[in-house]
Structure formats: C-alpha cells, structure tokens
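Undergrad: Quick one: the structure is below, and I'll ask about it shortly.
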Amino acid sequence: MPDGPNETPFHEPLREPPSKDPLKMLPVLFILSTITSLYLMYVICHCMPMLQLSVSSGSVNNDMYVRGVVETSIFHGITFMLLFCYIRCVMVHPGTVPNKEPWLYSSSPSAVANLQLRETKAGGERRHCKWCGKYKPDRCHHCRPCNTCILKMDHHCPWIYNCVGFHNYKYFFLLLFYTVLDTHFMVWTMTESMIRVVDQSSDFAPMFFTLFGMTLAAFLAFLATPFFGFHCWLTAMGLTTIEFCEKRLPKKISGGPSWTFGLLCRLLRERFDLESGLFWKHAGCLG
C-alpha cells in the first residue's frame, strides 16, 4: 500500500494515533454518546415492553411478542453495521500521496513519462503541495486540520476526526445509509410504544424517554436523509464534495473514459481495469 506498512486486515492503511489537540475528539465522543443514548432508549422503552419480559407466560400477547423479536433483531443488526462503519471511518486513513516516484520533486523524467493527469495548473505544469513538498495526483487536496494531502479528498469531517477520502469514503457512505435506515426504523416502530404509554397513562419517566427518543431519532433522520441523498447524487455523478463546491467536473482524457457516466459505469470502471482487463485493480468509492 502507498500509505505505509501499517494496514487493517482489509489491506487498508491505518491512521496514526492523534497526537494534537485532544479536544478535537469531543465530536466523536458526542456521536458515540448519542448512539448509546438512542440505543438504550429504544431497547428499554420499546423492545423490552414489546417482548413483555415482566409479564407471566399466560398473559403474553403473542402478536406483540413476535413483532418485538423481529424489531429487536433488525434494530441490533442495523446498529451493529452503523457502529462498524463509524469505527472504520474514524480509524481508516483516507490515503495520502506516496513518498516515492513519481510524486517526489526529485522524480526522474522516466518515472513521470507515462502519467496521464487530468488536473494541471493553467500553464500545464503538475500540481504540487507547498506544505507536503510533493506533486499531487488528480483529485488530491491538502487538508490543513490533518496536515497532509488526501487522496480523492471529499471533505474533512470533524464528527469522525478524520478526512473522507479514497480509502474510507465507502464506509462514510454506508455510515449515512445505516444512519438513515436506523433512525427511520426507530421512528416508525416506536410510534406503537408512544401510543401505548399515552393511552395507558404511564409514569412520567417512560413517557418522557419514549417521546424524547422518538423525537431525537426523527430529528436525526430529518438531517441525515437529505445528506445521504446528496451523496447518492454525488456518487452517481462521479463527484466529490470539493468538486461539487468548485462547480466543475474532472477533466476527461482524450480517448479515455469519462468521470460522468453514472454510478454503474463508475463502479465497473473502478472495480475493473476496462482497458487492461486486470481484476480488482481499482477500489472505487463504494469499495
């Protein structure tokens, strides 16, 4: 791998441990505490009443019990995938410029002879980073919070204390997907528990936490759903957030594939080298 010897079992580069400004980890702790709070409110206020654990076997409502088992199983499966993708977003390095030819200033002419760059300066010179002291590949940008150049940089996300780039964008995309799925699932299934605690005039604590959990899930679903839709559109168009903000599309090499064929062609192109026929050569935005 171009990013060093330390890799995950999935052959992806691991991040170096944070060594500056521990306060920047607060958003990560906030996200983890929010996930934990929603998990506890859903399990205690919805799943446990649906499973009727405190009810004698002769008084169990079988239909409610079956729904409780199904909803609890689905919720735990989605939540596990959400946590897995979140941890991967935080831990996997998005990718940086290799410390070797042809990206070094001292690269030999033979090392750069076969490079086909879409992005160059106005005068045709190769783009370079004055902070990292290297030439930049296409779609690479320098991130000041991370203090390094990021391959195929999408954006810097303080909520994961990491950049979203080449190696971890697929986990970020799936994180949004499971967040939307989980929050919507909580909202629509907790409606039954909300109606039940109101009709039964339950104590203040169960009613409050059921309503609060449902409201918080609805609020997060309201925020995450359009954001996920935006990234679905970006993926289909073959764009990063930076490229969208710059209101330009990556250039097309004469005779080569365009970046704007859409999601299917993009995934095929990045999974398979269509010109040389090599299998699994490129890791695309969705893995």
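Ordered as shown in the structure tokens, chains take letters A, B, and onward, while each chain numbers its residues from 1 and ligands are numbered from 1 in the order shown.
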As a ChimeraX atom specification, please: all residues of stretch 13-153 of chain A that backbone DSSP puts in helix (DSSP H, G or I).

TA: /A:22-51,57-59,62-91,109-112

Undergrad: So which residues of stretch 91-243 of chain A fall under strand (DSSP E) by DSSP, listed as a ChimeraX atom specification?

TA: /A:128-129,134-135,141-143,148-150,155-157,162-164

Undergrad: Give me the residues within 6 Å of stretch 162-167 of chain A as a list in words, counting only C-alpha atoms and dropping any in the same chain fewer than 5 places off.

TA: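 Once the nearby chain positions are removed, what remains is Pro94, Gly95, Leu151, Lys152, Met153, Asp154, His155, His156 and Cys157 of chain A.
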
Undergrad: My list of candidates is A:Gly238, A:His142, A:Asn62, A:His76. Which is closest to A:Leu40 when distances are computed with only C-alpha atoms?

TA: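 Of A:Gly238, A:His142, A:Asn62, A:His76, the one nearest A:Leu40, counting only C-alpha atoms, is A:His76.
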
Undergrad: Enter the distance from atom CA of A:Cys149 to atom CA of A:Ile242, in Å, rounded to one decimal.

TA: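 Value for the atom CA of A:Cys149-atom CA of A:Ile242 distance: 13.7 Å.
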
Undergrad: Using only C-alpha atoms for the distances, tell me which of A:Ser193, A:Val198, A:Arg126, A:Thr79 is nearest to A:Phe177.

TA: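 So, comparing all the options, the nearest one is A:Thr79.
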
Undergrad: With distances taken over only C-alpha atoms, which of A:Tyr39, A:Met81, A:Met237, A:Tyr105 is nearest to A:Met214?

TA: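 Closest to A:Met214, using only C-alpha atoms: A:Tyr39.
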
Undergrad: Nearest to A:Leu176 among A:Pro145, A:Gly229, A:Pro137, A:Gly213, with distances taken over only C-alpha atoms: which residue is it?

TA: A:Gly229

Undergrad: Please list as a ChimeraX atom specification every residue within 9 Å of stretch 24-30 of chain A, counting only C-alpha atoms and excluding residues in the same chain fewer than 5 positions away.

TA: /A:18,35,90,158-161

Undergrad: Could you please determine the separation between atom CA of A:Phe228 and atom CA of A:Cys143 in Å, to one decimal place?

TA: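 Separation of atom CA of A:Phe228 and atom CA of A:Cys143: 23.0 Å.
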
Undergrad: Compare A:Ala221, A:Val69, A:Ala122, A:Met48 by their minimum atom-to-atom distance to A:Leu181, counting only C-alpha atoms, and give me the closest one.

TA: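 Looking only at the distances to A:Leu181, the closest residue turns out to be A:Ala221.
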
Undergrad: For A:Ala217, find every residue with an atom within 12 Å (counting only C-alpha atoms), except residues of its own chain fewer than 3 positions away, and show them as a JSON list (two decimals) with all heavy atoms, in the first residue's frame.

TA:
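Output file around_0.json is given in full below:
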```
[["chain", "number", "residue", "atom", "x", "y", "z"],
["A", 34, "THR", "N", -24.45, 9.85, 21.75],
["A", 34, "THR", "CA", -25.78, 9.94, 21.14],
["A", 34, "THR", "C", -26.26, 8.57, 20.68],
["A", 34, "THR", "O", -27.43, 8.19, 20.90],
["A", 34, "THR", "CB", -25.76, 10.91, 19.94],
["A", 34, "THR", "OG1", -25.34, 12.21, 20.38],
["A", 34, "THR", "CG2", -27.14, 11.01, 19.30],
["A", 35, "ILE", "N", -25.36, 7.80, 20.06],
["A", 35, "ILE", "CA", -25.72, 6.44, 19.63],
["A", 35, "ILE", "C", -26.08, 5.59, 20.84],
["A", 35, "ILE", "O", -27.08, 4.85, 20.82],
["A", 35, "ILE", "CB", -24.56, 5.81, 18.85],
["A", 35, "ILE", "CG1", -24.33, 6.56, 17.53],
["A", 35, "ILE", "CG2", -24.83, 4.34, 18.57],
["A", 35, "ILE", "CD1", -23.11, 6.10, 16.76],
["A", 37, "SER", "N", -27.18, 6.61, 23.80],
["A", 37, "SER", "CA", -28.43, 7.07, 24.39],
["A", 37, "SER", "C", -29.63, 6.58, 23.59],
["A", 37, "SER", "O", -30.62, 6.10, 24.16],
["A", 37, "SER", "CB", -28.44, 8.60, 24.47],
["A", 37, "SER", "OG", -27.37, 9.07, 25.26],
["A", 38, "LEU", "N", -29.57, 6.70, 22.27],
["A", 38, "LEU", "CA", -30.67, 6.24, 21.44],
["A", 38, "LEU", "C", -30.86, 4.72, 21.56],
["A", 38, "LEU", "O", -31.99, 4.23, 21.58],
["A", 38, "LEU", "CB", -30.43, 6.62, 19.98],
["A", 38, "LEU", "CG", -30.75, 8.06, 19.60],
["A", 38, "LEU", "CD1", -30.28, 8.36, 18.18],
["A", 38, "LEU", "CD2", -32.25, 8.32, 19.71],
["A", 39, "TYR", "N", -29.75, 4.02, 21.63],
["A", 39, "TYR", "CA", -29.82, 2.55, 21.77],
["A", 39, "TYR", "C", -30.54, 2.18, 23.07],
["A", 39, "TYR", "O", -31.45, 1.34, 23.07],
["A", 39, "TYR", "CB", -28.41, 1.96, 21.74],
["A", 39, "TYR", "CG", -28.37, 0.48, 22.04],
["A", 39, "TYR", "CD1", -28.63, -0.46, 21.04],
["A", 39, "TYR", "CD2", -28.09, 0.02, 23.33],
["A", 39, "TYR", "CE1", -28.61, -1.82, 21.33],
["A", 39, "TYR", "CE2", -28.06, -1.34, 23.61],
["A", 39, "TYR", "CZ", -28.32, -2.24, 22.60],
["A", 39, "TYR", "OH", -28.31, -3.59, 22.88],
["A", 41, "MET", "N", -32.57, 4.01, 24.96],
["A", 41, "MET", "CA", -33.97, 4.43, 24.98],
["A", 41, "MET", "C", -34.82, 3.50, 24.12],
["A", 41, "MET", "O", -35.96, 3.18, 24.49],
["A", 41, "MET", "CB", -34.09, 5.88, 24.51],
["A", 41, "MET", "CG", -33.66, 6.89, 25.55],
["A", 41, "MET", "SD", -33.95, 8.61, 25.08],
["A", 41, "MET", "CE", -32.60, 8.87, 23.91],
["A", 42, "TYR", "N", -34.30, 3.06, 22.99],
["A", 42, "TYR", "CA", -35.08, 2.18, 22.13],
["A", 42, "TYR", "C", -35.26, 0.80, 22.77],
["A", 42, "TYR", "O", -36.36, 0.24, 22.76],
["A", 42, "TYR", "CB", -34.41, 2.04, 20.77],
["A", 42, "TYR", "CG", -35.23, 1.27, 19.76],
["A", 42, "TYR", "CD1", -36.25, 1.90, 19.03],
["A", 42, "TYR", "CD2", -35.01, -0.09, 19.53],
["A", 42, "TYR", "CE1", -37.02, 1.20, 18.12],
["A", 42, "TYR", "CE2", -35.78, -0.80, 18.62],
["A", 42, "TYR", "CZ", -36.77, -0.15, 17.91],
["A", 42, "TYR", "OH", -37.53, -0.86, 17.00],
["A", 179, "THR", "N", -27.35, 5.03, 9.10],
["A", 179, "THR", "CA", -27.93, 6.05, 9.98],
["A", 179, "THR", "C", -29.35, 6.37, 9.57],
["A", 179, "THR", "O", -30.26, 6.44, 10.41],
["A", 179, "THR", "CB", -27.07, 7.32, 9.96],
["A", 179, "THR", "OG1", -25.75, 7.03, 10.41],
["A", 179, "THR", "CG2", -27.67, 8.40, 10.84],
["A", 180, "VAL", "N", -29.56, 6.57, 8.27],
["A", 180, "VAL", "CA", -30.91, 6.84, 7.76],
["A", 180, "VAL", "C", -31.82, 5.64, 8.04],
["A", 180, "VAL", "O", -32.95, 5.80, 8.52],
["A", 180, "VAL", "CB", -30.86, 7.15, 6.25],
["A", 180, "VAL", "CG1", -32.26, 7.18, 5.65],
["A", 180, "VAL", "CG2", -30.14, 8.47, 5.99],
["A", 181, "LEU", "N", -31.32, 4.44, 7.79],
["A", 181, "LEU", "CA", -32.12, 3.23, 8.00],
["A", 181, "LEU", "C", -32.48, 3.07, 9.47],
["A", 181, "LEU", "O", -33.64, 2.78, 9.82],
["A", 181, "LEU", "CB", -31.33, 2.02, 7.51],
["A", 181, "LEU", "CG", -32.11, 0.77, 7.10],
["A", 181, "LEU", "CD1", -33.05, 1.07, 5.95],
["A", 181, "LEU", "CD2", -31.14, -0.34, 6.72],
["A", 182, "ASP", "N", -31.51, 3.27, 10.35],
["A", 182, "ASP", "CA", -31.71, 3.06, 11.79],
["A", 182, "ASP", "C", -32.67, 4.09, 12.36],
["A", 182, "ASP", "O", -33.58, 3.75, 13.14],
["A", 182, "ASP", "CB", -30.37, 3.12, 12.51],
["A", 182, "ASP", "CG", -30.30, 2.13, 13.67],
["A", 182, "ASP", "OD1", -31.27, 1.37, 13.87],
["A", 182, "ASP", "OD2", -29.27, 2.10, 14.37],
["A", 183, "THR", "N", -32.47, 5.36, 12.04],
["A", 183, "THR", "CA", -33.32, 6.40, 12.61],
["A", 183, "THR", "C", -34.76, 6.29, 12.11],
["A", 183, "THR", "O", -35.71, 6.45, 12.89],
["A", 183, "THR", "CB", -32.76, 7.79, 12.29],
["A", 183, "THR", "OG1", -32.51, 7.91, 10.88],
["A", 183, "THR", "CG2", -31.46, 8.04, 13.05],
["A", 184, "HIS", "N", -34.94, 6.01, 10.82],
["A", 184, "HIS", "CA", -36.30, 5.82, 10.31],
["A", 184, "HIS", "C", -36.96, 4.60, 10.94],
["A", 184, "HIS", "O", -38.15, 4.62, 11.27],
["A", 184, "HIS", "CB", -36.28, 5.68, 8.78],
["A", 184, "HIS", "CG", -36.23, 6.99, 8.07],
["A", 184, "HIS", "ND1", -37.36, 7.75, 7.82],
["A", 184, "HIS", "CD2", -35.20, 7.69, 7.55],
["A", 184, "HIS", "CE1", -37.03, 8.86, 7.17],
["A", 184, "HIS", "NE2", -35.72, 8.84, 6.99],
["A", 185, "PHE", "N", -36.20, 3.53, 11.10],
["A", 185, "PHE", "CA", -36.74, 2.33, 11.72],
["A", 185, "PHE", "C", -37.19, 2.61, 13.15],
["A", 185, "PHE", "O", -38.26, 2.16, 13.59],
["A", 185, "PHE", "CB", -35.67, 1.22, 11.71],
["A", 185, "PHE", "CG", -36.15, -0.09, 12.23],
["A", 185, "PHE", "CD1", -36.90, -0.95, 11.43],
["A", 185, "PHE", "CD2", -35.86, -0.50, 13.53],
["A", 185, "PHE", "CE1", -37.35, -2.17, 11.92],
["A", 185, "PHE", "CE2", -36.31, -1.72, 14.02],
["A", 185, "PHE", "CZ", -37.05, -2.55, 13.21],
["A", 186, "MET", "N", -36.39, 3.40, 13.88],
["A", 186, "MET", "CA", -36.77, 3.74, 15.26],
["A", 186, "MET", "C", -38.03, 4.57, 15.30],
["A", 186, "MET", "O", -38.93, 4.32, 16.12],
["A", 186, "MET", "CB", -35.61, 4.49, 15.94],
["A", 186, "MET", "CG", -34.38, 3.66, 16.20],
["A", 186, "MET", "SD", -33.06, 4.62, 16.97],
["A", 186, "MET", "CE", -33.82, 5.06, 18.53],
["A", 187, "VAL", "N", -38.12, 5.55, 14.41],
["A", 187, "VAL", "CA", -39.29, 6.45, 14.43],
["A", 187, "VAL", "C", -40.57, 5.67, 14.16],
["A", 187, "VAL", "O", -41.57, 5.79, 14.89],
["A", 187, "VAL", "CB", -39.11, 7.57, 13.40],
["A", 187, "VAL", "CG1", -40.41, 8.37, 13.24],
["A", 187, "VAL", "CG2", -37.98, 8.51, 13.83],
["A", 188, "TRP", "N", -40.55, 4.86, 13.10],
["A", 188, "TRP", "CA", -41.80, 4.20, 12.69],
["A", 188, "TRP", "C", -42.18, 3.05, 13.61],
["A", 188, "TRP", "O", -43.37, 2.72, 13.73],
["A", 188, "TRP", "CB", -41.68, 3.73, 11.25],
["A", 188, "TRP", "CG", -41.45, 4.85, 10.29],
["A", 188, "TRP", "CD1", -40.34, 5.10, 9.54],
["A", 188, "TRP", "CD2", -42.36, 5.91, 10.00],
["A", 188, "TRP", "NE1", -40.49, 6.25, 8.80],
["A", 188, "TRP", "CE2", -41.73, 6.78, 9.07],
["A", 188, "TRP", "CE3", -43.65, 6.24, 10.44],
["A", 188, "TRP", "CZ2", -42.33, 7.91, 8.57],
["A", 188, "TRP", "CZ3", -44.25, 7.39, 9.93],
["A", 188, "TRP", "CH2", -43.60, 8.20, 9.02],
["A", 189, "THR", "N", -41.22, 2.42, 14.26],
["A", 189, "THR", "CA", -41.58, 1.33, 15.17],
["A", 189, "THR", "C", -41.91, 1.83, 16.58],
["A", 189, "THR", "O", -42.73, 1.22, 17.28],
["A", 189, "THR", "CB", -40.44, 0.29, 15.27],
["A", 189, "THR", "OG1", -39.22, 0.95, 15.63],
["A", 189, "THR", "CG2", -40.25, -0.42, 13.93],
["A", 190, "MET", "N", -41.30, 2.94, 17.00],
["A", 190, "MET", "CA", -41.58, 3.46, 18.34],
["A", 190, "MET", "C", -42.94, 4.15, 18.43],
["A", 190, "MET", "O", -43.40, 4.46, 19.53],
["A", 190, "MET", "CB", -40.49, 4.45, 18.78],
["A", 190, "MET", "CG", -39.19, 3.80, 19.18],
["A", 190, "MET", "SD", -37.99, 4.96, 19.87],
["A", 190, "MET", "CE", -38.66, 5.22, 21.52],
["A", 191, "THR", "N", -43.56, 4.39, 17.28],
["A", 191, "THR", "CA", -44.89, 5.01, 17.30],
["A", 191, "THR", "C", -45.87, 4.17, 18.12],
["A", 191, "THR", "O", -46.69, 4.70, 18.88],
["A", 191, "THR", "CB", -45.41, 5.18, 15.87],
["A", 191, "THR", "OG1", -44.48, 5.94, 15.11],
["A", 191, "THR", "CG2", -46.76, 5.88, 15.87],
["A", 209, "PHE", "N", -39.00, 9.47, 28.16],
["A", 209, "PHE", "CA", -37.89, 8.90, 27.39],
["A", 209, "PHE", "C", -38.37, 8.29, 26.08],
["A", 209, "PHE", "O", -37.63, 8.29, 25.09],
["A", 209, "PHE", "CB", -37.14, 7.87, 28.23],
["A", 209, "PHE", "CG", -36.25, 8.48, 29.27],
["A", 209, "PHE", "CD1", -36.56, 8.37, 30.62],
["A", 209, "PHE", "CD2", -35.11, 9.17, 28.90],
["A", 209, "PHE", "CE1", -35.74, 8.96, 31.57],
["A", 209, "PHE", "CE2", -34.29, 9.75, 29.84],
["A", 209, "PHE", "CZ", -34.60, 9.65, 31.19],
["A", 210, "THR", "N", -39.57, 7.77, 26.03],
["A", 210, "THR", "CA", -40.12, 7.28, 24.77],
["A", 210, "THR", "C", -40.32, 8.42, 23.79],
["A", 210, "THR", "O", -39.93, 8.34, 22.61],
["A", 210, "THR", "CB", -41.45, 6.55, 25.00],
["A", 210, "THR", "OG1", -41.26, 5.47, 25.91],
["A", 210, "THR", "CG2", -42.00, 6.00, 23.68],
["A", 211, "LEU", "N", -40.91, 9.51, 24.26],
["A", 211, "LEU", "CA", -41.12, 10.67, 23.40],
["A", 211, "LEU", "C", -39.79, 11.32, 23.01],
["A", 211, "LEU", "O", -39.59, 11.69, 21.84],
["A", 211, "LEU", "CB", -42.01, 11.69, 24.11],
["A", 211, "LEU", "CG", -42.28, 13.00, 23.35],
["A", 211, "LEU", "CD1", -42.97, 12.71, 22.02],
["A", 211, "LEU", "CD2", -43.12, 13.96, 24.18],
["A", 212, "PHE", "N", -38.87, 11.41, 23.98],
["A", 212, "PHE", "CA", -37.57, 12.04, 23.68],
["A", 212, "PHE", "C", -36.77, 11.20, 22.68],
["A", 212, "PHE", "O", -36.18, 11.73, 21.74],
["A", 212, "PHE", "CB", -36.77, 12.20, 24.98],
["A", 212, "PHE", "CG", -35.42, 12.82, 24.77],
["A", 212, "PHE", "CD1", -35.29, 14.15, 24.42],
["A", 212, "PHE", "CD2", -34.25, 12.06, 24.92],
["A", 212, "PHE", "CE1", -34.04, 14.73, 24.21],
["A", 212, "PHE", "CE2", -33.01, 12.62, 24.73],
["A", 212, "PHE", "CZ", -32.90, 13.96, 24.37],
["A", 213, "GLY", "N", -36.75, 9.88, 22.86],
["A", 213, "GLY", "CA", -36.03, 9.03, 21.92],
["A", 213, "GLY", "C", -36.62, 9.08, 20.53],
["A", 213, "GLY", "O", -35.88, 9.14, 19.54],
["A", 214, "MET", "N", -37.94, 9.09, 20.44],
["A", 214, "MET", "CA", -38.59, 9.15, 19.14],
["A", 214, "MET", "C", -38.34, 10.50, 18.47],
["A", 214, "MET", "O", -38.09, 10.57, 17.25],
["A", 214, "MET", "CB", -40.10, 8.92, 19.32],
["A", 214, "MET", "CG", -40.88, 8.83, 18.04],
["A", 214, "MET", "SD", -42.61, 8.42, 18.36],
["A", 214, "MET", "CE", -43.28, 8.59, 16.70],
["A", 220, "LEU", "N", -32.72, 13.40, 13.80],
["A", 220, "LEU", "CA", -31.53, 12.91, 13.10],
["A", 220, "LEU", "C", -31.89, 12.36, 11.73],
["A", 220, "LEU", "O", -31.13, 12.53, 10.76],
["A", 220, "LEU", "CB", -30.84, 11.83, 13.94],
["A", 220, "LEU", "CG", -30.23, 12.31, 15.25],
["A", 220, "LEU", "CD1", -29.65, 11.13, 16.04],
["A", 220, "LEU", "CD2", -29.14, 13.34, 15.00],
["A", 221, "ALA", "N", -33.05, 11.71, 11.62],
["A", 221, "ALA", "CA", -33.50, 11.22, 10.31],
["A", 221, "ALA", "C", -33.76, 12.38, 9.36],
["A", 221, "ALA", "O", -33.44, 12.31, 8.17],
["A", 221, "ALA", "CB", -34.77, 10.37, 10.47],
["A", 222, "PHE", "N", -34.32, 13.47, 9.89],
["A", 222, "PHE", "CA", -34.58, 14.66, 9.08],
["A", 222, "PHE", "C", -33.29, 15.27, 8.55],
["A", 222, "PHE", "O", -33.23, 15.77, 7.41],
["A", 222, "PHE", "CB", -35.35, 15.68, 9.92],
["A", 222, "PHE", "CG", -35.58, 16.99, 9.24],
["A", 222, "PHE", "CD1", -36.58, 17.12, 8.28],
["A", 222, "PHE", "CD2", -34.79, 18.10, 9.55],
["A", 222, "PHE", "CE1", -36.79, 18.34, 7.65],
["A", 222, "PHE", "CE2", -35.00, 19.32, 8.92],
["A", 222, "PHE", "CZ", -36.01, 19.43, 7.96],
["A", 223, "LEU", "N", -32.22, 15.23, 9.36],
["A", 223, "LEU", "CA", -30.93, 15.77, 8.93],
["A", 223, "LEU", "C", -30.18, 14.81, 8.00],
["A", 223, "LEU", "O", -29.58, 15.23, 7.01],
["A", 223, "LEU", "CB", -30.06, 16.08, 10.15],
["A", 223, "LEU", "CG", -30.53, 17.19, 11.09],
["A", 223, "LEU", "CD1", -29.56, 17.33, 12.25],
["A", 223, "LEU", "CD2", -30.68, 18.52, 10.36],
["A", 224, "ALA", "N", -30.20, 13.53, 8.34],
["A", 224, "ALA", "CA", -29.37, 12.56, 7.62],
["A", 224, "ALA", "C", -29.93, 12.19, 6.25],
["A", 224, "ALA", "O", -29.17, 11.89, 5.33],
["A", 224, "ALA", "CB", -29.17, 11.30, 8.46],
["A", 225, "THR", "N", -31.25, 12.18, 6.12],
["A", 225, "THR", "CA", -31.85, 11.71, 4.87],
["A", 225, "THR", "C", -31.47, 12.58, 3.67],
["A", 225, "THR", "O", -31.01, 12.05, 2.65],
["A", 225, "THR", "CB", -33.38, 11.62, 5.01],
["A", 225, "THR", "OG1", -33.70, 10.72, 6.09],
["A", 225, "THR", "CG2", -34.02, 11.12, 3.72]]
```

Undergrad: How far is it from atom CA of A:Ile31 to atom CA of A:Gly68, in Å with one decimal?

TA: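 Distance reported for this atom pair: 26.6 Å.
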
Undergrad: So, with only C-alpha atoms as the atoms that count, which of A:Tyr171, A:Thr120, A:Tyr178, A:Asp63 lies closest to A:Phe75?

TA: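 For A:Phe75, the nearest of the candidates is A:Tyr178.
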